[in-house]
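A.B. asks: Take this structure first; my questions come after.
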Amino acid sequence: MILAMVAVALFFAFLLTFIKIFGEFHRLSNILFMAGIIIPALIFYYHIPENPLSLIMGGWSRVSGIEIALDTYNYYLILAELIVFSLVGLYAINYFVDKKRNVFFTLMLLMHAGLLGGFMSRDLFNYFVLMEVAYVSTFIMVGISKGKEATKAAFRYLIFSFMASYLFLLSIGIIYINTGSLNMVTVSENIVLNGQTKVAIGLAFASLLMKAGIFPLFFWLPDAHSIPNTPVSAVLSGISLKGPIYGMILFVVYMPMDFLSETLLYLAFASVFFGVFMGLRQTNIKRLLAYSTVSQMGYVLVGIATANVFGAVYYGITHAIIKSGLFLAAGTLADRHGTTDLRRLTYRDNKPILIATMVLSLAIVGISPTLGAYAKKELMDSVFGVWPLIMTCGSIGTMVLMFKMNFYLWRGKGSMTTLIPKDGKRFDHVWITKSFIPLIMAALVLIYGYIFVPGIYLSDVIIISAGLLVFIPLYKTDLFHWRLPKFVVNMTCDLGGTNNYLVMVYAAVILLLII
């Protein structure tokens, strides 16, 4: 049964908690942790020939039972989740070496179970509950990372995610009142687009936009993705954001969404350009990648806004692999040099990281023959008029952002002497192991790109050239270090005041979507 994927992940999370009672068993912890990731992947592989499949738990009818499914809408999302968790899991067993390792492993497996279950759900409430399991795990993982800033980031993430959850639950209630069901198939058969259902759909999308970190509801994301430990950043930015995207897909497939399309398209491109602009200002490599995620999630929203479900799915899974690889590469360099300051990092002494970062940088822009090119083309086919030109400008902006990151990484002269431990052999082994995992992700992006992309696109030469022409004057004039106005800086220093301001922004977005 395909639901065993979720049960297995939960079971091994319980075992990791149980063995902690008796002491630290590092090798056993590693085995149990990886088993909780790999066995669900084997179960998924076993069920691939049955795709598409649908199962209603307990033999109930569709109206009153809980339905899970494997079909073209979620197949690739589950596949991407399994790929990302498997590779990040291998990275994590070499990363976590202190007493918190079992805690992180347990939380990652709970997140793994929640995402897998949520991706299979065809019932709104079941989707909501399983995704909350995943999100609660992420709050804790962010909060228990090192430093006071991690606690602050986790608090803000928790506050706004819970607020979004309450709104989503309210939306579910309204839909149930109007349709008598929470199963998406029966909801689609009974729903009538009136004032109440428009409010319900608007509230649901306000919630999902918040959880996906899309502009202007991105404010929790940069800290929550850049401050935690590297494996946590990789799964948060890579795959956890695809949970709310899957929720949007359910609404697009089964509900009337035309009344929101134009608004969502404007928000999508606002997120694309805002993420690039803020990313260009960053000197912290992980924050640069976090703002890049804000931009890239805008592209996924383009697919949602235009009802191009497969475009959204393809771009989502492409971003999952690419961004996870980039965070792992950046985290490896940061650990090696003892800093996340982009100006003090270099990848010239590590050829696997150098190659992986360059390939993944091209892929996230959508340069052929990477998988990113295929995903970008799928989205480009769904927009018309001036929008393809705007999307191309967004790609040029992303190219400038990647030029900046790679330029500093190439010319950097950071010192590595501060982080070399007494056990130099062990350090070298871990360093090599962690360096090759991003390279594997880059190889996957190239392999899948070779399968799906027939050749080299001439337009890519234009994007690369335009990106370089924009990057050079920005670098020469030092515009990368332009500072925000003082009133913005002062406002963001006060956590309580900032949160009050952001609540008003959230309320404005809700009104925009429901009026």
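In the structure tokens, chains take the letters A, B, ... in the order shown, each chain's residues start at 1, and ligands count up from 1 in the order shown.
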Do a neighbour search on region 94-110 of chain A at 8 Å with only C-alpha atoms, toss out local chain neighbours closer than 4 positions, and write the hits as a PyMOL selection string.
C.D. replies: chain A and resi 9-10+12-14+16-17+20+24+29+33+36-37+90+114+133-134+137-138+140-141+231+430+433-434
A.B. asks: I want to know what sits within 9 Å of Asn190 (chain A), based on only C-alpha atoms, with residues of the same chain fewer than 3 positions away left out; could you give that as a PyMOL selection string?
C.D. replies: chain A and resi 178-181+186-187
A.B. asks: Output C-alpha atoms for every residue in that selection, as a PDB file, in the first residue's frame.
C.D. replies:
```pdb
ATOM      1  CA  ASN A 178     -21.177  25.063   0.686  1.00  0.00           C
ATOM      2  CA  THR A 179     -20.417  21.636  -0.816  1.00  0.00           C
ATOM      3  CA  GLY A 180     -20.971  19.099   1.966  1.00  0.00           C
ATOM      4  CA  SER A 181     -17.576  17.503   1.304  1.00  0.00           C
ATOM      5  CA  THR A 186     -16.831  15.760  -4.923  1.00  0.00           C
ATOM      6  CA  VAL A 187     -16.151  19.401  -4.070  1.00  0.00           C
TER       7      VAL A 187
END
```
A.B. asks: Which one is closest to Leu280 (chain A): A:Phe119, A:Tyr347, A:Trp60, A:Phe403? Count only C-alpha atoms.
C.D. replies: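 Smallest distance to Leu280 (chain A) is found for A:Phe403.
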A.B. asks: So which residues touch Phe85 (chain A) within 10 Å, counting only C-alpha atoms, skipping near sequence neighbours fewer than 3 positions away, as a PDB file with C-alpha atoms, in the first residue's frame?
C.D. replies:
```
ATOM      1  CA  MET A  34      18.507   6.613   6.099  1.00  0.00           C
ATOM      2  CA  ILE A  37      14.141   7.855   3.817  1.00  0.00           C
ATOM      3  CA  ILE A  38      15.130   5.014   1.487  1.00  0.00           C
ATOM      4  CA  ALA A  41      11.479   5.479  -1.969  1.00  0.00           C
ATOM      5  CA  ALA A  80      11.524  15.180  -6.263  1.00  0.00           C
ATOM      6  CA  GLU A  81      10.827  14.925  -2.525  1.00  0.00           C
ATOM      7  CA  LEU A  82      12.397  11.475  -2.369  1.00  0.00           C
ATOM      8  CA  VAL A  88      20.261  15.733   1.859  1.00  0.00           C
ATOM      9  CA  GLY A  89      20.017  12.759   4.245  1.00  0.00           C
ATOM     10  CA  LEU A  90      23.423  11.516   3.080  1.00  0.00           C
ATOM     11  CA  TYR A  91      24.782  15.012   3.629  1.00  0.00           C
ATOM     12  CA  ALA A  92      23.165  15.253   7.069  1.00  0.00           C
ATOM     13  CA  MET A 108      13.523  15.523   9.344  1.00  0.00           C
ATOM     14  CA  LEU A 109      11.709  12.176   9.190  1.00  0.00           C
ATOM     15  CA  MET A 111       8.837  16.425   7.887  1.00  0.00           C
ATOM     16  CA  HIS A 112       9.447  13.671   5.322  1.00  0.00           C
ATOM     17  CA  PRO A 231      20.701  20.392   5.637  1.00  0.00           C
ATOM     18  CA  ALA A 234      18.342  22.704   1.828  1.00  0.00           C
ATOM     19  CA  VAL A 235      15.091  20.854   2.572  1.00  0.00           C
ATOM     20  CA  GLY A 238      14.203  22.903  -1.836  1.00  0.00           C
ATOM     21  CA  ILE A 239      11.124  20.862  -1.015  1.00  0.00           C
ATOM     22  CA  ILE A 321      16.762  19.812  -6.900  1.00  0.00           C
ATOM     23  CA  SER A 324      18.834  22.088  -2.506  1.00  0.00           C
TER      24      SER A 324
END
```
A.B. asks: Expressed in Å to a single decimal, how great is the separation between CA of Phe215 (chain A) and CA of Ser271 (chain A)?
C.D. replies: 4.6 Å
A.B. asks: Region 193-209 of chain A: which residues within 7 Å, counting only C-alpha atoms, same-chain residues fewer than 4 positions away excluded, as number ranges by chain?
C.D. replies: A: 164-165, 167-168, 171, 174-175, 213-214, 217, 244, 509-510, 513-514
A.B. asks: Write the selection just made, keeping N, CA, C and O atoms, as a compact mmCIF listing (two decimals), in the first residue's frame?
C.D. replies:
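Listed below is the output, out_30.txt:
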```txt
# COMPACT_ATOMS: atom_id res chain seq x y z
N ALA A 164 -1.52 31.73 8.90
CA ALA A 164 -1.94 31.20 7.60
C ALA A 164 -2.73 29.91 7.76
O ALA A 164 -3.72 29.68 7.04
N SER A 165 -2.33 29.08 8.71
CA SER A 165 -3.04 27.82 8.94
C SER A 165 -4.47 28.05 9.41
O SER A 165 -5.40 27.37 8.98
N LEU A 167 -6.33 30.62 8.74
CA LEU A 167 -7.10 31.09 7.59
C LEU A 167 -7.45 29.93 6.65
O LEU A 167 -8.56 29.87 6.11
N PHE A 168 -6.51 29.03 6.46
CA PHE A 168 -6.77 27.88 5.59
C PHE A 168 -7.86 27.00 6.19
O PHE A 168 -8.73 26.49 5.48
N SER A 171 -11.10 28.59 5.56
CA SER A 171 -11.47 28.36 4.16
C SER A 171 -12.06 26.96 3.97
O SER A 171 -13.07 26.80 3.27
N ILE A 174 -15.65 26.91 5.19
CA ILE A 174 -16.60 27.53 4.26
C ILE A 174 -16.89 26.61 3.08
O ILE A 174 -18.04 26.47 2.64
N ILE A 175 -15.85 25.97 2.56
CA ILE A 175 -16.04 25.05 1.43
C ILE A 175 -16.91 23.87 1.84
O ILE A 175 -17.80 23.45 1.09
N GLY A 213 6.10 31.60 0.65
CA GLY A 213 7.10 32.68 0.70
C GLY A 213 7.10 33.56 -0.53
O GLY A 213 8.14 34.07 -0.95
N ILE A 214 5.92 33.79 -1.12
CA ILE A 214 5.81 34.59 -2.33
C ILE A 214 5.52 36.05 -1.97
O ILE A 214 4.73 36.32 -1.07
N LEU A 217 4.33 38.30 0.80
CA LEU A 217 4.24 37.52 2.04
C LEU A 217 5.47 36.65 2.23
O LEU A 217 5.40 35.52 2.70
N PRO A 244 2.78 23.94 -0.12
CA PRO A 244 1.71 24.88 -0.47
C PRO A 244 1.46 24.98 -1.97
O PRO A 244 0.33 25.24 -2.39
N VAL A 509 -3.22 41.81 1.53
CA VAL A 509 -3.22 40.76 0.51
C VAL A 509 -4.51 39.96 0.56
O VAL A 509 -5.08 39.60 -0.48
N ILE A 510 -4.99 39.67 1.75
CA ILE A 510 -6.26 38.94 1.90
C ILE A 510 -7.39 39.72 1.23
O ILE A 510 -8.19 39.16 0.46
N LEU A 513 -7.31 39.54 -2.50
CA LEU A 513 -7.70 38.27 -3.10
C LEU A 513 -9.19 37.96 -2.96
O LEU A 513 -9.75 37.20 -3.75
N ILE A 514 -9.85 38.54 -1.96
CA ILE A 514 -11.26 38.18 -1.74
C ILE A 514 -12.25 39.22 -2.25
O ILE A 514 -13.44 38.94 -2.36
```
A.B. asks: Grab the CA of Val294 (chain A) to CA of Gly275 (chain A) distance for me, in Å with one decimal place.
C.D. replies: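 These atoms are spaced 5.1 Å apart.
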A.B. asks: Within 10 Å of Lys286 (chain A), counting only C-alpha atoms, which residues show up once you throw out same-chain ones fewer than 2 positions away? Write them as a PyMOL selection string, please.
C.D. replies: chain A and resi 222-223+225-228+230+233+279+282-284+288-292+326-328+330-331+334+340-342
A.B. asks: So which residues of region 144-242 of chain A fall under helix (DSSP H, G or I) by DSSP, listed as an MDAnalysis selection string?
C.D. replies: chainID A and resid 148:179 184:190 195:212 221:226 230:240 242
A.B. asks: Rank A:Leu446, A:Ala307, A:Leu130, A:Val503 by their smallest atom-to-atom distance to Met210 (chain A), using only C-alpha atoms, and report the top residue only.
C.D. replies: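 Residue with the minimum atom-to-atom distance to Met210 (chain A): A:Val503.
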A.B. asks: For Thr306 (chain A), which of A:Ile353, A:Ala113, A:Ile285, A:Val252 is the closest residue, counting only C-alpha atoms?
C.D. replies: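 Residue with the minimum atom-to-atom distance to Thr306 (chain A): A:Val252.
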A.B. asks: For each of A:Tyr73, A:Tyr448, A:Tyr506, A:Phe128, take the minimum atom-to-atom distance to Pro369 (chain A), counting only C-alpha atoms, then give the residue where this is smallest.
C.D. replies: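 Ranking A:Tyr73, A:Tyr448, A:Tyr506, A:Phe128 by distance to Pro369 (chain A), first place goes to A:Tyr448.
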